[in-house]
Structure formats: C-alpha cells, structure tokens
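Colleague: Please find run01.cif (mmCIF, C-alpha atoms) on the next line:
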data_protein
#
loop_
_atom_site.label_atom_id
_atom_site.label_comp_id
_atom_site.auth_asym_id
_atom_site.auth_seq_id
_atom_site.Cartn_x
_atom_site.Cartn_y
_atom_site.Cartn_z
CA MET A 10 0.00 0.00 0.00
CA ILE A 11 1.39 3.38 -1.04
CA ARG A 12 0.58 6.88 0.14
CA THR A 13 2.04 10.08 -1.27
CA VAL A 14 2.33 13.25 0.78
CA LEU A 15 4.04 16.63 0.48
CA LEU A 16 6.27 17.63 3.38
CA GLY A 17 4.49 20.39 5.31
CA GLY A 18 7.29 21.68 7.54
CA ARG A 19 8.38 25.10 6.31
CA ALA A 20 11.90 24.54 7.67
CA GLY A 21 12.25 21.16 5.96
CA LEU A 22 12.62 17.75 7.57
CA HIS A 23 14.99 18.73 10.38
CA MET A 24 16.12 16.75 13.40
CA ARG A 25 13.23 17.45 15.79
CA ALA A 26 10.64 16.72 13.13
CA ALA A 27 12.47 13.55 12.09
CA ALA A 28 12.69 12.41 15.70
CA ARG A 29 8.97 12.90 16.23
CA ILE A 30 8.07 11.03 13.07
CA ALA A 31 10.52 8.20 13.83
CA VAL A 32 8.93 7.67 17.25
CA ALA A 33 5.45 7.60 15.71
CA ALA A 34 6.65 5.16 13.04
CA ALA A 35 8.15 2.85 15.66
CA GLN A 36 4.76 2.68 17.37
CA GLN A 37 3.01 1.38 14.27
CA PRO A 38 2.18 -2.32 13.98
CA VAL A 39 3.83 -2.44 10.54
CA SER A 40 7.12 -1.24 9.06
CA VAL A 41 6.75 1.91 7.03
CA THR A 42 9.29 3.08 4.47
CA VAL A 43 9.68 6.52 2.91
CA ARG A 44 11.34 7.58 -0.28
CA THR A 45 11.54 10.66 -2.43
CA LEU A 46 11.64 10.84 -6.19
CA ASP A 47 15.44 10.69 -6.12
CA ARG A 48 16.27 8.75 -2.97
CA PRO A 49 15.59 5.05 -2.33
CA ALA A 50 13.20 3.89 0.39
CA VAL A 51 14.40 4.10 3.99
CA PRO A 52 12.78 2.98 7.26
CA ALA A 53 10.55 5.70 8.71
CA ASP A 54 11.50 4.75 12.27
CA SER A 55 15.15 5.85 11.85
CA VAL A 56 16.02 9.50 12.47
CA LEU A 57 19.24 9.22 10.48
CA SER A 58 17.47 7.61 7.55
CA LEU A 59 14.75 10.28 7.54
CA LEU A 60 17.37 13.04 7.62
CA SER A 61 19.26 11.39 4.76
CA LEU A 62 16.26 12.11 2.51
CA GLY A 63 17.09 15.83 2.68
CA ALA A 64 13.41 16.67 2.30
CA LEU A 65 12.46 20.34 1.99
CA CYS A 66 9.03 21.89 2.38
CA GLY A 67 6.87 20.60 -0.45
CA THR A 68 9.09 17.60 -1.24
CA GLU A 69 7.01 14.66 -2.45
CA LEU A 70 7.32 11.71 -0.08
CA ILE A 71 6.19 8.23 -0.98
CA LEU A 72 5.20 6.13 2.03
CA GLU A 73 4.83 2.41 1.79
CA ALA A 74 3.59 -0.27 4.20
CA TYR A 75 1.95 -3.67 3.97
CA GLY A 76 -0.09 -5.99 6.15
CA PRO A 77 -2.76 -5.55 8.81
CA GLY A 78 -2.79 -1.97 10.09
CA ALA A 79 -0.89 -0.60 7.09
CA GLU A 80 -3.64 1.80 6.07
CA VAL A 81 -4.00 3.32 9.53
CA ALA A 82 -0.20 3.55 9.89
CA LEU A 83 0.17 5.31 6.54
CA THR A 84 -2.62 7.74 7.35
CA SER A 85 -1.18 8.69 10.69
CA LEU A 86 2.38 9.11 9.37
CA ALA A 87 1.23 10.96 6.27
CA ASP A 88 -0.60 13.39 8.57
CA LEU A 89 2.62 14.02 10.52
CA PHE A 90 4.69 14.56 7.37
CA ALA A 91 2.08 16.99 6.05
CA THR A 92 2.00 18.99 9.29
CA ASP A 93 4.33 21.89 10.03
CA LEU A 94 5.61 20.47 13.33
CA ASP A 95 7.29 23.77 14.21
CA VAL A 96 3.94 25.46 14.71
CA ALA A 97 2.97 25.58 18.39
CA GLY A 98 0.47 22.88 19.24
CA ALA A 99 1.20 20.86 16.12
CA MET B 5 18.10 35.64 2.68
CA ASN B 6 20.03 32.78 1.14
CA THR B 7 17.66 30.28 2.66
CA ASN B 8 18.38 27.48 0.24
CA VAL B 9 22.13 27.66 0.18
CA ARG B 10 23.88 24.88 2.02
CA PRO B 11 26.25 26.28 4.65
CA VAL B 12 29.87 25.58 3.87
CA LEU B 13 32.39 24.40 6.43
CA GLU B 14 35.50 26.58 6.46
CA LEU B 15 38.89 25.38 7.60
CA ARG B 16 38.87 27.94 10.41
CA GLY B 17 35.61 26.42 11.65
CA VAL B 18 37.32 23.13 12.54
CA ARG B 19 38.86 22.22 15.91
CA VAL B 20 40.37 18.74 16.01
CA ALA B 21 41.50 18.72 19.63
CA ALA B 22 38.75 20.36 21.67
CA ALA B 23 38.06 19.37 25.25
CA ALA B 24 34.96 19.68 27.42
CA ARG B 25 34.08 17.99 30.69
CA ASP B 26 30.36 17.76 29.89
CA ARG B 27 27.66 18.48 27.37
CA VAL B 28 27.11 22.08 28.50
CA ALA B 29 30.82 22.86 28.22
CA ALA B 30 30.91 21.24 24.78
CA ILE B 31 28.04 23.43 23.58
CA HIS B 32 29.84 26.50 24.91
CA ARG B 33 32.94 25.50 22.91
CA CYS B 34 30.72 25.11 19.82
CA ALA B 35 29.17 28.54 20.39
CA ASP B 36 32.67 30.03 20.87
CA VAL B 37 33.68 28.87 17.39
CA LEU B 38 30.45 30.02 15.72
CA GLU B 39 31.00 33.44 17.33
CA GLU B 40 34.64 33.51 16.18
CA LEU B 41 33.40 32.81 12.67
CA GLY B 42 31.15 35.85 12.95
CA ALA B 43 28.18 33.58 12.20
CA VAL B 44 26.06 34.31 15.26
CA GLN B 45 25.22 36.96 17.83
CA PRO B 46 26.24 36.16 21.41
CA GLY B 47 22.65 35.28 22.33
CA TYR B 48 22.74 32.25 20.04
CA ARG B 49 24.71 30.43 22.74
CA GLU B 50 21.71 30.42 25.09
CA ALA B 51 19.44 29.30 22.26
CA MET B 52 21.75 26.33 21.63
CA LEU B 53 21.53 25.35 25.29
CA ASP B 54 17.74 25.79 25.29
CA ARG B 55 17.48 23.63 22.18
CA GLU B 56 19.64 20.96 23.79
CA TRP B 57 17.37 20.80 26.84
CA ALA B 58 14.27 20.64 24.65
CA MET B 59 15.67 17.50 23.01
CA SER B 60 19.16 16.04 22.83
CA THR B 61 20.96 16.84 19.59
CA TYR B 62 22.75 13.49 19.73
CA LEU B 63 22.43 12.11 16.22
CA GLY B 64 24.20 8.76 16.54
CA GLU B 65 27.61 7.23 15.78
CA GLY B 66 29.32 9.54 18.28
CA VAL B 67 28.06 12.71 16.60
CA ALA B 68 25.90 15.51 18.00
CA ILE B 69 24.63 18.56 16.11
CA PRO B 70 24.16 21.46 18.55
CA HIS B 71 22.05 24.24 17.03
CA GLY B 72 19.56 26.93 17.96
CA LEU B 73 15.81 27.18 17.92
CA ASP B 74 13.34 28.55 15.41
CA VAL B 75 13.11 31.77 17.43
CA SER B 76 16.89 32.20 17.43
CA ARG B 77 17.16 32.45 13.65
CA VAL B 78 17.35 36.24 14.03
CA LEU B 79 20.59 35.76 15.98
CA VAL B 80 22.26 34.12 12.98
CA ARG B 81 24.33 36.60 10.96
CA ARG B 82 25.17 34.11 8.24
CA ASP B 83 24.68 30.37 7.79
CA ALA B 84 27.76 28.51 8.94
CA LEU B 85 29.09 25.30 10.41
CA ALA B 86 31.69 24.47 12.99
CA VAL B 87 33.13 21.03 13.64
CA LEU B 88 34.68 20.30 16.99
CA ARG B 89 36.36 17.02 17.69
CA PHE B 90 36.56 15.93 21.33
CA PRO B 91 39.15 13.12 21.34
CA ASP B 92 38.42 12.28 25.00
CA GLY B 93 34.69 12.11 24.34
CA VAL B 94 31.83 13.92 26.03
CA MET B 95 28.95 12.09 27.70
CA TRP B 96 25.76 13.16 25.99
CA ASP B 97 22.12 12.25 26.41
CA GLY B 98 22.08 9.41 23.92
CA GLY B 99 25.71 8.35 23.81
CA ARG B 100 29.37 9.34 23.94
CA VAL B 101 30.14 12.18 21.56
CA THR B 102 33.48 12.65 19.85
CA VAL B 103 32.36 15.01 17.10
CA CYS B 104 30.06 18.03 17.30
CA VAL B 105 28.77 19.58 14.11
CA ALA B 106 27.48 22.96 15.29
CA ILE B 107 24.96 24.59 12.98
CA ALA B 108 23.97 28.23 12.54
CA ALA B 109 21.15 28.41 10.01
CA ARG B 110 18.42 30.86 9.13
CA GLY B 111 16.52 28.93 6.52
CA ASP B 112 16.42 25.37 5.26
CA GLY B 113 19.85 25.34 3.62
CA HIS B 114 21.20 23.11 6.36
CA ILE B 115 18.75 20.32 5.46
CA ALA B 116 21.11 19.32 2.63
CA LEU B 117 23.98 19.31 5.12
CA LEU B 118 21.98 17.08 7.48
CA SER B 119 21.31 14.74 4.58
CA ALA B 120 25.01 14.53 3.72
CA LEU B 121 25.92 14.02 7.38
CA ALA B 122 23.26 11.32 7.80
CA ASP B 123 24.64 9.53 4.73
CA ILE B 124 28.09 9.55 6.32
CA LEU B 125 26.78 8.25 9.66
CA LEU B 126 24.72 5.49 8.04
CA ASP B 127 27.94 4.18 6.50
CA GLN B 128 30.06 2.57 9.24
CA GLU B 129 33.34 3.17 7.42
CA ARG B 130 32.70 6.83 6.68
CA ALA B 131 31.31 7.40 10.17
CA ARG B 132 34.50 6.02 11.66
CA ALA B 133 36.61 8.11 9.28
CA LEU B 134 34.79 11.24 10.45
CA ARG B 135 35.19 10.36 14.13
CA GLU B 136 38.89 9.59 13.74
CA ALA B 137 39.87 12.38 11.35
CA THR B 138 42.66 14.53 12.77
CA ASP B 139 43.31 16.55 9.62
CA PRO B 140 41.03 19.62 9.44
CA ALA B 141 41.24 19.61 5.64
CA ALA B 142 39.94 16.03 5.52
CA ILE B 143 36.98 16.98 7.73
CA VAL B 144 36.19 19.96 5.52
CA GLU B 145 36.32 17.75 2.45
CA MET B 146 34.02 15.13 4.00
CA LEU B 147 31.34 17.58 5.07
CA ASN B 148 31.38 19.79 2.01
CA ALA B 149 31.30 16.91 -0.44
CA VAL B 150 28.50 17.31 -2.93
CA GLU B 151 26.09 14.45 -2.58
CA ASP B 152 26.20 12.18 -5.56
CA ARG B 153 22.52 11.39 -5.47
CA PRO B 154 21.29 8.57 -7.66
#
Please render this file's structure as structure tokens.
Modeller:
Amino acid sequence: MIRTVLLGGRAGLHMRAAARIAVAAAQQPVSVTVRTLDRPAVPADSVLSLLSLGALCGTELILEAYGPGAEVALTSLADLFATDLDVAGA
Amino acid sequence: MNTNVRPVLELRGVRVAAAARDRVAAIHRCADVLEELGAVQPGYREAMLDREWAMSTYLGEGVAIPHGLDVSRVLVRRDALAVLRFPDGVMWDGGRVTVCVAIAARGDGHIALLSALADILLDQERARALREATDPAAIVEMLNAVEDRP
C-alpha cells in the first residue's frame, strides 16, 4: 500500500521533526518506508534515515507499508509529514 | 536571505583537539567557534543550550549537532558550520560524543547538510573516518562533499 504526501514543515525535515516522526513510526504495527523521487526507500522509524532524505518543504514523499494496520499507519504518518511540526500545538 | 544555500564548512571552523568535561561545556565551545566565525550573535549560545534541553541533539555514531531554535534564527548573521572534535569524548544524552557539528542556520539550507551528514553516519566506514579524522582539511572535504545522489 502506497501513500504520497508533500512535506508540510516550512523549515524542511529537520532533526526534531524527524525524531517525532521516527517515534510515531516505531509505534506502528507495521514497518513503514519513505522515499523521495530521487532517494531510495528508507525505514521511517530511523532518524538518520529520515534526515538522509534531505526533504524540503513541499518535497514529495512516498510512504509504503503492507499488512494488517498498514492503512492506519500510513494515514497517521502521512498526517505528521504533512503537518508543520514547528507550529505551536502541532 | 540565502535560505536554500547549504552552509559551507570553512577550515577555520574546525577544531580537532577540543576538550569539554560535559555536554554544557561542549556546547559553549561550539558557540565560541560560531562566534569567532562571525556567524552568530552572542545570544545564540543560550538558544543552543535551550534547544539541547528541549531534546538532545545526539544524532548517533558519536556525533551531535548542537544548534539553535526557530526563534533564534534572528541571531544568525550568516549560515555557517563548525566542527569540533573531542578526542576524549563527552557524555551526551544518547551516547558518547566525539564530534560536534554545530549549525547556525536561518533557513532550510542546512537540510542538505543534514542529509550529507546522515549519509556519512549510516555508512560505518565513513562514520569512523569522520570520528577519527585529525586533519582539518579532511573533515572539511568530507562535510562539504557534494552528494552524488542517484
């Protein structure tokens, strides 16, 4: 199952955002990978791997997961990627 | 503002034999170098400490990336990097740090730097080479290398 989302963080996918997403990914019942149009898929639960994508605001991210719970996992992670996590309360 | 330009590491921004007894002292050493480079206002130092307490900047593989907060962007005069090597190590929240990559950034130009650094750290050999590098020129070359993206 594949879900595409545009990165919402105005400052790009920086360390704090990556850390928050990695924690959320680790809590999912399935493994989720992320790739961009020019970088191969990496595990979404690794801060280093997420940072290696070098994603800027508006970068297209392709999320992928399979098995029971994949749809819910993709939806919740896609929401996080689409959110500007630097905004208070986000 | 040159928000999309990746900050470049200058030779004078590298210290291969720094020493600090703890994480706070290490961040002060990082701030010292960023100030010497003329990259930040003095207040950026406090922002780096605040950022560190909000969440450890330990990245993995013995490397931490002290930097400021969103609100401290105004204290950045120009985007810049400093690399401080602590041969004796510094205990950090997350692990033992031997290399700090201190970042002063106003926009998102440093995202490309983070990507390049993450690539290095995900590769055991290159991560070790960065940790053990004692030649400032070699460190500059490693961090400024243009990513050869597929």
Colleague: Any idea what's packed within 12 Å of Ala35 in chain A, counting all atoms listed in the file, ignoring anything in its chain fewer than 3 positions away? Could you give it as a list of chain:residue names?
Modeller: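 Within the cut-off, the hits are A:Ala28, A:Arg29, A:Ile30, A:Ala31, A:Val32, A:Pro38, A:Val39, A:Ser40, A:Val41, A:Thr42, A:Pro52, A:Ala53, A:Asp54, A:Ser55, A:Val56, A:Ala82, A:Leu86.
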Colleague: Can you write just those residues out, C-alpha atoms, as a CSV table (one decimal), in the coordinates of the input?
Modeller:
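Okay, this is what ended up in again_8.csv:
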chain,number,residue,atom,x,y,z
A,28,ALA,CA,12.7,12.4,15.7
A,29,ARG,CA,9.0,12.9,16.2
A,30,ILE,CA,8.1,11.0,13.1
A,31,ALA,CA,10.5,8.2,13.8
A,32,VAL,CA,8.9,7.7,17.2
A,38,PRO,CA,2.2,-2.3,14.0
A,39,VAL,CA,3.8,-2.4,10.5
A,40,SER,CA,7.1,-1.2,9.1
A,41,VAL,CA,6.8,1.9,7.0
A,42,THR,CA,9.3,3.1,4.5
A,52,PRO,CA,12.8,3.0,7.3
A,53,ALA,CA,10.6,5.7,8.7
A,54,ASP,CA,11.5,4.8,12.3
A,55,SER,CA,15.2,5.8,11.8
A,56,VAL,CA,16.0,9.5,12.5
A,82,ALA,CA,-0.2,3.6,9.9
A,86,LEU,CA,2.4,9.1,9.4
Colleague: Could you give me, as a Markdown table, a per-residue list for chain A showing, wherever an atom lies at most 10 Å from an atom of chain B, the closest pair of atoms and their distance in Å to one decimal, using only C-alpha atoms and sorting by chain then residue number from low to high?
Modeller:
| residue | atom | partner | partner_atom | distance |
| --- | --- | --- | --- | --- |
| A:Arg19 | CA | B:Asp112 | CA | 8.1 |
| A:Ala20 | CA | B:Asp112 | CA | 5.2 |
| A:Gly21 | CA | B:Asp112 | CA | 6.0 |
| A:Leu22 | CA | B:Ile115 | CA | 7.0 |
| A:His23 | CA | B:Ile115 | CA | 6.4 |
| A:Met24 | CA | B:Thr61 | CA | 7.9 |
| A:Arg25 | CA | B:Met59 | CA | 7.6 |
| A:Ala28 | CA | B:Met59 | CA | 9.4 |
| A:Asp47 | CA | B:Pro154 | CA | 6.4 |
| A:Arg48 | CA | B:Pro154 | CA | 6.9 |
| A:Pro49 | CA | B:Pro154 | CA | 8.6 |
| A:Val56 | CA | B:Leu63 | CA | 7.9 |
| A:Leu57 | CA | B:Ala122 | CA | 5.3 |
| A:Ser58 | CA | B:Ala122 | CA | 6.9 |
| A:Leu59 | CA | B:Ser119 | CA | 8.5 |
| A:Leu60 | CA | B:Ser119 | CA | 5.3 |
| A:Ser61 | CA | B:Ser119 | CA | 3.9 |
| A:Leu62 | CA | B:Ser119 | CA | 6.1 |
| A:Gly63 | CA | B:Ser119 | CA | 4.8 |
| A:Ala64 | CA | B:Ile115 | CA | 7.2 |
| A:Leu65 | CA | B:Ile115 | CA | 7.2 |
| A:Cys66 | CA | B:Asp112 | CA | 8.7 |
| A:Asp95 | CA | B:Asp74 | CA | 7.8 |
| A:Val96 | CA | B:Asp74 | CA | 9.9 |
Colleague: Out of A:Leu70, A:Leu46, A:Val51, A:Ala99, which residue has the shortest atom-to-atom distance to Ala87 in chain A when counting all atoms listed in the file?
Modeller: A:Leu70
Colleague: Tell me, as a VMD selection string, which residues lie within 6 Å of range 14-17 of chain A, counting only C-alpha atoms; anything in the same chain fewer than 3 positions away does not count.
Modeller: chain A and resid 66 to 70 90 to 93
Colleague: If the PyMOL selection byres ((chain B and resi 87) around 6) were run on this exact file, what residues would it hold? Put them as a short mmCIF file (atom, residue, chain, number, x, y, z; two decimals) with C-alpha atoms, in the frame of the given file.
Modeller:
data_model
loop_
_atom_site.label_atom_id
_atom_site.label_comp_id
_atom_site.auth_asym_id
_atom_site.auth_seq_id
_atom_site.Cartn_x
_atom_site.Cartn_y
_atom_site.Cartn_z
CA VAL B 18 37.32 23.13 12.54
CA ALA B 86 31.69 24.47 12.99
CA LEU B 88 34.68 20.30 16.99
CA CYS B 104 30.06 18.03 17.30
CA VAL B 105 28.77 19.58 14.11
#
Colleague: So how many Å separate CA of Val67 in chain B and CA of Pro91 in chain B, to one decimal?
Modeller: 12.1 Å
Colleague: By how many Å are CA of Cys34 in chain B and CA of Pro70 in chain B apart?
Modeller: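 Between CA of Cys34 in chain B and CA of Pro70 in chain B the gap is 7.6 Å.
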Colleague: Some atoms are missing, so please complete range 79-113 of chain B with N, CA and C atoms and return it as a CSV table (one decimal), keeping the file's coordinate frame.
Modeller:
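As written to disk, out23.csv reads:
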chain,number,residue,atom,x,y,z
B,79,LEU,N,19.3,35.6,15.4
B,79,LEU,CA,20.6,35.8,16.0
B,79,LEU,C,21.7,35.2,15.1
B,80,VAL,N,21.3,34.7,13.9
B,80,VAL,CA,22.3,34.1,13.0
B,80,VAL,C,22.6,35.2,12.0
B,81,ARG,N,23.9,35.6,11.9
B,81,ARG,CA,24.3,36.6,11.0
B,81,ARG,C,24.5,36.0,9.6
B,82,ARG,N,25.0,34.8,9.5
B,82,ARG,CA,25.2,34.1,8.2
B,82,ARG,C,25.2,32.6,8.5
B,83,ASP,N,24.7,31.8,7.6
B,83,ASP,CA,24.7,30.4,7.8
B,83,ASP,C,26.1,29.9,7.8
B,84,ALA,N,26.4,29.0,8.8
B,84,ALA,CA,27.8,28.5,8.9
B,84,ALA,C,27.8,27.2,9.8
B,85,LEU,N,28.9,26.5,9.6
B,85,LEU,CA,29.1,25.3,10.4
B,85,LEU,C,30.4,25.4,11.2
B,86,ALA,N,30.4,24.7,12.3
B,86,ALA,CA,31.7,24.5,13.0
B,86,ALA,C,31.8,23.0,13.3
B,87,VAL,N,33.0,22.4,13.2
B,87,VAL,CA,33.1,21.0,13.6
B,87,VAL,C,34.2,21.0,14.7
B,88,LEU,N,33.8,20.4,15.9
B,88,LEU,CA,34.7,20.3,17.0
B,88,LEU,C,34.8,18.8,17.3
B,89,ARG,N,36.1,18.4,17.4
B,89,ARG,CA,36.4,17.0,17.7
B,89,ARG,C,36.8,17.0,19.1
B,90,PHE,N,36.2,16.1,19.9
B,90,PHE,CA,36.6,15.9,21.3
B,90,PHE,C,37.2,14.5,21.5
B,91,PRO,N,38.5,14.4,21.3
B,91,PRO,CA,39.2,13.1,21.3
B,91,PRO,C,38.9,12.3,22.6
B,92,ASP,N,38.7,13.0,23.7
B,92,ASP,CA,38.4,12.3,25.0
B,92,ASP,C,36.9,11.9,25.2
B,93,GLY,N,36.1,12.4,24.3
B,93,GLY,CA,34.7,12.1,24.3
B,93,GLY,C,34.0,13.0,25.4
B,94,VAL,N,32.7,13.2,25.1
B,94,VAL,CA,31.8,13.9,26.0
B,94,VAL,C,30.6,13.1,26.2
B,95,MET,N,30.2,12.9,27.5
B,95,MET,CA,29.0,12.1,27.7
B,95,MET,C,27.8,13.0,27.3
B,96,TRP,N,26.9,12.4,26.5
B,96,TRP,CA,25.8,13.2,26.0
B,96,TRP,C,24.5,12.4,26.3
B,97,ASP,N,23.4,13.0,26.2
B,97,ASP,CA,22.1,12.2,26.4
B,97,ASP,C,21.9,11.5,25.1
B,98,GLY,N,22.2,10.2,25.1
B,98,GLY,CA,22.1,9.4,23.9
B,98,GLY,C,23.3,8.6,23.6
B,99,GLY,N,24.5,9.1,24.1
B,99,GLY,CA,25.7,8.4,23.8
B,99,GLY,C,26.9,9.2,24.1
B,100,ARG,N,28.1,8.6,23.7
B,100,ARG,CA,29.4,9.3,23.9
B,100,ARG,C,29.7,10.1,22.6
B,101,VAL,N,29.9,11.4,22.7
B,101,VAL,CA,30.1,12.2,21.6
B,101,VAL,C,31.6,12.5,21.4
B,102,THR,N,32.1,12.3,20.2
B,102,THR,CA,33.5,12.6,19.8
B,102,THR,C,33.5,13.7,18.8
B,103,VAL,N,32.4,13.9,18.1
B,103,VAL,CA,32.4,15.0,17.1
B,103,VAL,C,31.1,15.8,17.2
B,104,CYS,N,31.2,17.1,17.3
B,104,CYS,CA,30.1,18.0,17.3
B,104,CYS,C,30.1,18.8,16.0
B,105,VAL,N,28.9,18.8,15.3
B,105,VAL,CA,28.8,19.6,14.1
B,105,VAL,C,27.8,20.7,14.5
B,106,ALA,N,28.3,21.9,14.8
B,106,ALA,CA,27.5,23.0,15.3
B,106,ALA,C,26.9,23.7,14.1
B,107,ILE,N,25.6,24.0,14.1
B,107,ILE,CA,25.0,24.6,13.0
B,107,ILE,C,24.4,25.9,13.3
B,108,ALA,N,24.6,26.9,12.5
B,108,ALA,CA,24.0,28.2,12.5
B,108,ALA,C,23.2,28.4,11.2
B,109,ALA,N,21.9,28.4,11.3
B,109,ALA,CA,21.2,28.4,10.0
B,109,ALA,C,19.9,29.3,10.2
B,110,ARG,N,19.6,30.0,9.1
B,110,ARG,CA,18.4,30.9,9.1
B,110,ARG,C,17.3,30.2,8.4
B,111,GLY,N,17.6,29.5,7.3
B,111,GLY,CA,16.5,28.9,6.5
B,111,GLY,C,16.6,27.4,6.5
B,112,ASP,N,16.4,26.8,5.3
B,112,ASP,CA,16.4,25.4,5.3
B,112,ASP,C,17.6,24.9,4.5
B,113,GLY,N,18.6,25.7,4.3
B,113,GLY,CA,19.8,25.3,3.6
B,113,GLY,C,20.6,24.2,4.3
